[in-house]
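Visitor: Let me begin by handing over the structure; questions about it come next.
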Amino acid sequence: MSNDFGRPPRATENQDLVEQRLKELASGSGLQETLTIEWRTKPHVVQVIDMPVESLYYNPGTHRIRAQRSFDAARDRALDADPWTPESQDYLEYLLQAEPSDPAKRDKDFEDLKESLKDFRQNEPGLITRDGVLVNGNTRAAALRELSVAHIRVGVLPESCTWADINAVELSLQLRHDTRRPYSYINRLLTIDEEVSAGRPLADVAKEFRIRPATAEQDLWVLSCLRDLTERSKSDQAQLRLMDFEDAQEKLRELHRAYSKESKGDREKADLLKENRLAAIVMDFSKTDVRLIETDFRRRYLEHRLPEDLKAAPAETVERRIPGINRPVRSASPDVSAARSFTDAVLRAKAVERAVDSVSTAEHEQAAAVYKQAKRALEDALEPAGKDARVRKRKQAAPDRLHDACQDIDQCITDMALARASRSLDEETFDEAVLALRTSLDRLARAASQSIEVPGDGVAWLVDALRPEAS
């Protein structure tokens, strides 16, 4: 459900100016610019006018910077209290210019937009309410202000516009394929969650985002997982934020696929896989490294490499029962609890390490030492895991190629039947291909007899079938 932020202080002045310019536009004889938007599920044409950039307000409900608002907790609270004060509007402007994954840095995409506006001015108009709130074009307005451009071209929404309309229109415009600067990954997840929480069917939300419902379900699972991680990272000193996971999109999606596949057979193994991979994702390991972590990773590679202070103490078995029906509740296994404890330690250490300005030097150094120890242990564990994975891959290479060859031969049989029906088979070329196949099979038989000490039925057949006849 959309928040109602009320009307900004200069709403009446902006409304009068909008009305005046719309009347001037209607009375003129020149070519009028219009903008087509999706208005209450139907196409709607609005007039485009020029408005002073400085008189307009940034939209406090924009999804573009939803996750980044937590960058400065004090300013975020002030923004919630009153989004129209100069301080709140300045904070919105700052975030519109910031890098989504690290708002302390200036976004390169914003600089590119600024250069484009400097060289070519506006290609597309923005969109405002009659109160002067920017529905689309917030980032462009911020760039134009830095360039000291006095006016911005904007379409004007109908007088009956509500905050729910503002939310819907902004969403429809930002999801167009031609948008210059799309939502960041985390803001996209938050927007999907907001739409579903408002009661919209998941299939409708997925259609609006131009994704499959299964992908929307995956995104909601990832967001739930990230919210859990941020909560688990919380300590008296610091806490991670959703935007800290902005660059982990592909790793999180792969985690969901691996978890879903494993949970069909064994939920406990799936939870173990999830915790082990989450620890690696928190420590910013690469996607190829994260893939090496399977359900047995901790037991085989990590456990004996962890320093004692990062090993979880043996958990006490406590039987819990559901009130009323007195049925036991299955608690997490010791392996899952230990993996979760390790992930929690990494989360809290990373949160404190990043909070340089709000923790003491001693706390920061201690957290950095824990994080470094954990990362070193995981790096050492990934090395033998990678070697074993390469060995397994080599072991499977020959059988996999033979299976592929079988599929090609099956397809060849189908092609021959089609060629026979149309009398189009090149028999001489086919005969040459069969001779080449026999040569390849003969070489395969010799290699198999030399490599396999105790042949099974398949290898025995191959060797016997291609053994030269006795002269």
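Chain labels follow the order of the structure tokens: the first chain is A, the next B, and so on; residue numbering restarts at 1 in every chain, and ligands are counted from 1 in their shown order.
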To test your reading of the structure, identify every residue in stretch 129-175 of chain A that backbone DSSP assigns to helix (DSSP H, G or I), and report it as a ChimeraX atom specification.
Guide: /A:138-146,163-174
Visitor: Store the residues picked out above, limited to N, CA, C and O atoms, as a PDB file, in the first residue's frame.
Guide:
```
ATOM      1  N   ASN A 138      13.281  12.238 -11.510  1.00  0.00           N
ATOM      2  CA  ASN A 138      13.952  12.714 -10.303  1.00  0.00           C
ATOM      3  C   ASN A 138      15.453  12.855 -10.523  1.00  0.00           C
ATOM      4  O   ASN A 138      16.056  13.871 -10.169  1.00  0.00           O
ATOM      5  N   THR A 139      16.075  11.827 -11.123  1.00  0.00           N
ATOM      6  CA  THR A 139      17.520  11.862 -11.346  1.00  0.00           C
ATOM      7  C   THR A 139      17.886  12.940 -12.350  1.00  0.00           C
ATOM      8  O   THR A 139      18.902  13.629 -12.203  1.00  0.00           O
ATOM      9  N   ARG A 140      17.076  13.082 -13.390  1.00  0.00           N
ATOM     10  CA  ARG A 140      17.327  14.138 -14.385  1.00  0.00           C
ATOM     11  C   ARG A 140      17.247  15.526 -13.759  1.00  0.00           C
ATOM     12  O   ARG A 140      18.045  16.414 -14.071  1.00  0.00           O
ATOM     13  N   ALA A 141      16.270  15.707 -12.869  1.00  0.00           N
ATOM     14  CA  ALA A 141      16.138  17.007 -12.199  1.00  0.00           C
ATOM     15  C   ALA A 141      17.385  17.299 -11.362  1.00  0.00           C
ATOM     16  O   ALA A 141      17.879  18.438 -11.337  1.00  0.00           O
ATOM     17  N   ALA A 142      17.909  16.273 -10.671  1.00  0.00           N
ATOM     18  CA  ALA A 142      19.122  16.463  -9.870  1.00  0.00           C
ATOM     19  C   ALA A 142      20.304  16.850 -10.757  1.00  0.00           C
ATOM     20  O   ALA A 142      21.107  17.723 -10.404  1.00  0.00           O
ATOM     21  N   ALA A 143      20.403  16.226 -11.931  1.00  0.00           N
ATOM     22  CA  ALA A 143      21.496  16.540 -12.857  1.00  0.00           C
ATOM     23  C   ALA A 143      21.342  17.944 -13.427  1.00  0.00           C
ATOM     24  O   ALA A 143      22.320  18.695 -13.547  1.00  0.00           O
ATOM     25  N   LEU A 144      20.113  18.332 -13.774  1.00  0.00           N
ATOM     26  CA  LEU A 144      19.876  19.662 -14.330  1.00  0.00           C
ATOM     27  C   LEU A 144      20.178  20.752 -13.300  1.00  0.00           C
ATOM     28  O   LEU A 144      20.690  21.822 -13.648  1.00  0.00           O
ATOM     29  N   ARG A 145      19.884  20.483 -12.047  1.00  0.00           N
ATOM     30  CA  ARG A 145      20.202  21.460 -11.000  1.00  0.00           C
ATOM     31  C   ARG A 145      21.711  21.653 -10.891  1.00  0.00           C
ATOM     32  O   ARG A 145      22.183  22.780 -10.723  1.00  0.00           O
ATOM     33  N   GLU A 146      22.467  20.559 -10.986  1.00  0.00           N
ATOM     34  CA  GLU A 146      23.927  20.683 -10.926  1.00  0.00           C
ATOM     35  C   GLU A 146      24.465  21.441 -12.129  1.00  0.00           C
ATOM     36  O   GLU A 146      25.487  22.122 -12.041  1.00  0.00           O
ATOM     37  N   TRP A 163      -1.609   9.407  -4.323  1.00  0.00           N
ATOM     38  CA  TRP A 163      -0.290   8.808  -4.114  1.00  0.00           C
ATOM     39  C   TRP A 163      -0.242   7.373  -4.627  1.00  0.00           C
ATOM     40  O   TRP A 163       0.806   6.883  -5.044  1.00  0.00           O
ATOM     41  N   ALA A 164      -1.380   6.697  -4.624  1.00  0.00           N
ATOM     42  CA  ALA A 164      -1.431   5.356  -5.219  1.00  0.00           C
ATOM     43  C   ALA A 164      -1.200   5.439  -6.728  1.00  0.00           C
ATOM     44  O   ALA A 164      -0.512   4.602  -7.316  1.00  0.00           O
ATOM     45  N   ASP A 165      -1.764   6.479  -7.373  1.00  0.00           N
ATOM     46  CA  ASP A 165      -1.530   6.688  -8.806  1.00  0.00           C
ATOM     47  C   ASP A 165      -0.063   6.999  -9.073  1.00  0.00           C
ATOM     48  O   ASP A 165       0.521   6.499 -10.046  1.00  0.00           O
ATOM     49  N   ILE A 166       0.529   7.820  -8.217  1.00  0.00           N
ATOM     50  CA  ILE A 166       1.943   8.181  -8.387  1.00  0.00           C
ATOM     51  C   ILE A 166       2.811   6.929  -8.358  1.00  0.00           C
ATOM     52  O   ILE A 166       3.698   6.744  -9.195  1.00  0.00           O
ATOM     53  N   ASN A 167       2.530   6.044  -7.406  1.00  0.00           N
ATOM     54  CA  ASN A 167       3.289   4.803  -7.274  1.00  0.00           C
ATOM     55  C   ASN A 167       3.136   3.934  -8.527  1.00  0.00           C
ATOM     56  O   ASN A 167       4.116   3.403  -9.062  1.00  0.00           O
ATOM     57  N   ALA A 168       1.904   3.799  -9.012  1.00  0.00           N
ATOM     58  CA  ALA A 168       1.643   2.944 -10.175  1.00  0.00           C
ATOM     59  C   ALA A 168       2.264   3.515 -11.446  1.00  0.00           C
ATOM     60  O   ALA A 168       2.845   2.780 -12.244  1.00  0.00           O
ATOM     61  N   VAL A 169       2.155   4.822 -11.634  1.00  0.00           N
ATOM     62  CA  VAL A 169       2.705   5.446 -12.839  1.00  0.00           C
ATOM     63  C   VAL A 169       4.226   5.366 -12.843  1.00  0.00           C
ATOM     64  O   VAL A 169       4.845   5.049 -13.865  1.00  0.00           O
ATOM     65  N   GLU A 170       4.830   5.651 -11.689  1.00  0.00           N
ATOM     66  CA  GLU A 170       6.296   5.567 -11.625  1.00  0.00           C
ATOM     67  C   GLU A 170       6.775   4.163 -11.969  1.00  0.00           C
ATOM     68  O   GLU A 170       7.717   3.973 -12.719  1.00  0.00           O
ATOM     69  N   LEU A 171       6.077   3.170 -11.438  1.00  0.00           N
ATOM     70  CA  LEU A 171       6.460   1.782 -11.674  1.00  0.00           C
ATOM     71  C   LEU A 171       6.341   1.428 -13.147  1.00  0.00           C
ATOM     72  O   LEU A 171       7.245   0.831 -13.739  1.00  0.00           O
ATOM     73  N   SER A 172       5.243   1.817 -13.778  1.00  0.00           N
ATOM     74  CA  SER A 172       5.046   1.479 -15.196  1.00  0.00           C
ATOM     75  C   SER A 172       6.085   2.154 -16.077  1.00  0.00           C
ATOM     76  O   SER A 172       6.573   1.568 -17.046  1.00  0.00           O
ATOM     77  N   LEU A 173       6.465   3.395 -15.750  1.00  0.00           N
ATOM     78  CA  LEU A 173       7.463   4.106 -16.547  1.00  0.00           C
ATOM     79  C   LEU A 173       8.852   3.522 -16.358  1.00  0.00           C
ATOM     80  O   LEU A 173       9.609   3.358 -17.321  1.00  0.00           O
ATOM     81  N   GLN A 174       9.204   3.162 -15.140  1.00  0.00           N
ATOM     82  CA  GLN A 174      10.541   2.649 -14.879  1.00  0.00           C
ATOM     83  C   GLN A 174      10.750   1.253 -15.441  1.00  0.00           C
ATOM     84  O   GLN A 174      11.880   0.836 -15.670  1.00  0.00           O
TER      85      GLN A 174
END
```
Visitor: Need to verify the contact set: A:Ala104, 10 Å, only C-alpha atoms, exclusion of same-chain residues closer than 6 positions in sequence. Can you return it as a PyMOL selection string?
Guide: chain A and resi 71+94-95+98
Visitor: Which neighbours of A:Ser358 fall inside 12 Å, counting only C-alpha atoms, when residues of the same chain fewer than 3 positions from it are skipped, and could you give them as a short mmCIF file (atom, residue, chain, number, x, y, z; two decimals) with N, CA, C and O atoms, in the first residue's frame?
Guide:
```cif
data_model
loop_
_atom_site.label_atom_id
_atom_site.label_comp_id
_atom_site.auth_asym_id
_atom_site.auth_seq_id
_atom_site.Cartn_x
_atom_site.Cartn_y
_atom_site.Cartn_z
N ASP A 72 22.07 6.59 5.82
CA ASP A 72 22.22 7.49 6.96
C ASP A 72 20.93 7.40 7.78
O ASP A 72 19.90 7.96 7.38
N ALA A 73 20.99 6.67 8.90
CA ALA A 73 19.78 6.39 9.68
C ALA A 73 19.11 7.66 10.19
O ALA A 73 17.88 7.77 10.18
N ASP A 236 25.14 -4.32 19.03
CA ASP A 236 25.02 -3.00 19.67
C ASP A 236 25.76 -1.93 18.87
O ASP A 236 25.43 -0.75 18.96
N GLN A 237 26.76 -2.36 18.09
CA GLN A 237 27.59 -1.39 17.38
C GLN A 237 27.13 -1.09 15.95
O GLN A 237 27.24 0.04 15.48
N ALA A 238 26.61 -2.10 15.26
CA ALA A 238 26.35 -1.89 13.82
C ALA A 238 25.40 -2.94 13.28
O ALA A 238 25.03 -3.90 13.98
N GLN A 239 25.00 -2.74 12.03
CA GLN A 239 24.13 -3.68 11.34
C GLN A 239 24.32 -3.52 9.83
O GLN A 239 24.46 -2.40 9.33
N ALA A 351 29.67 -6.23 9.62
CA ALA A 351 28.89 -5.03 9.95
C ALA A 351 29.72 -4.04 10.77
O ALA A 351 29.74 -2.84 10.50
N VAL A 352 30.43 -4.55 11.77
CA VAL A 352 31.26 -3.68 12.60
C VAL A 352 32.44 -3.13 11.81
O VAL A 352 32.81 -1.96 11.95
N GLU A 353 33.03 -3.97 10.96
CA GLU A 353 34.17 -3.52 10.17
C GLU A 353 33.79 -2.38 9.24
O GLU A 353 34.58 -1.46 9.00
N ARG A 354 32.56 -2.40 8.73
CA ARG A 354 32.11 -1.34 7.81
C ARG A 354 31.70 -0.07 8.54
O ARG A 354 31.69 1.01 7.94
N ALA A 355 31.34 -0.20 9.81
CA ALA A 355 30.86 0.96 10.58
C ALA A 355 32.04 1.69 11.20
O ALA A 355 32.14 1.81 12.43
N THR A 361 38.09 2.19 17.77
CA THR A 361 39.20 1.59 17.01
C THR A 361 39.42 0.14 17.43
O THR A 361 39.65 -0.73 16.58
N ALA A 362 39.32 -0.12 18.72
CA ALA A 362 39.53 -1.49 19.22
C ALA A 362 38.46 -2.44 18.68
O ALA A 362 38.77 -3.57 18.26
N GLU A 363 37.20 -1.99 18.69
CA GLU A 363 36.11 -2.83 18.17
C GLU A 363 36.28 -3.08 16.68
O GLU A 363 36.05 -4.20 16.20
N HIS A 364 36.68 -2.05 15.96
CA HIS A 364 36.89 -2.19 14.52
C HIS A 364 38.02 -3.17 14.23
O HIS A 364 37.90 -4.04 13.34
#
```
Visitor: Which residues are close to A:Glu124, i.e. within 10 Å by only C-alpha atoms, leaving aside same-chain residues fewer than 2 positions away? Reply as number ranges by chain.
Guide: A: 35, 121-122, 126-127, 137, 140, 153-155, 179-180
Visitor: What would the file look like if the residues just selected were written as an mmCIF file, in the first residue's frame with C-alpha atoms?
Guide:
```cif
data_model
loop_
_atom_site.group_PDB
_atom_site.id
_atom_site.type_symbol
_atom_site.label_atom_id
_atom_site.label_comp_id
_atom_site.auth_asym_id
_atom_site.auth_seq_id
_atom_site.Cartn_x
_atom_site.Cartn_y
_atom_site.Cartn_z
ATOM 1 C CA LEU A 35 3.497 12.215 -23.343
ATOM 2 C CA ARG A 121 19.553 18.485 -23.221
ATOM 3 C CA GLN A 122 16.464 16.387 -22.469
ATOM 4 C CA GLY A 126 9.812 14.017 -16.930
ATOM 5 C CA LEU A 127 6.456 13.770 -15.183
ATOM 6 C CA GLY A 137 12.656 12.375 -13.874
ATOM 7 C CA ARG A 140 17.327 14.138 -14.385
ATOM 8 C CA ARG A 153 10.255 19.651 -19.567
ATOM 9 C CA VAL A 154 7.601 17.643 -17.756
ATOM 10 C CA GLY A 155 4.260 16.018 -18.446
ATOM 11 C CA THR A 179 14.458 3.611 -19.359
ATOM 12 C CA ARG A 180 17.824 5.326 -19.035
#
```
Visitor: Which distance in Å separates atom CA of A:Asp119 and atom CA of A:Pro86, to one decimal?
Guide: 29.3 Å
Visitor: Looking at A:Val53, A:Ala81, A:Val133, A:Val336, which one is nearest to A:His151, with distances taken over only C-alpha atoms?
Guide: A:Val53
Visitor: Under the rule that only C-alpha atoms are counted, which of A:Ser449, A:His403, A:Ile409, A:Lys274 is the nearest residue to A:Lys261?
Guide: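 Of the candidates, the smallest distance to A:Lys261 is held by A:Lys274.
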Visitor: What does the distance between atom CA of A:Arg227 and atom CA of A:Tyr259 come to in Å, to one decimal place?
Guide: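 Atom-to-atom, atom CA of A:Arg227 and atom CA of A:Tyr259 are spaced 17.4 Å apart.
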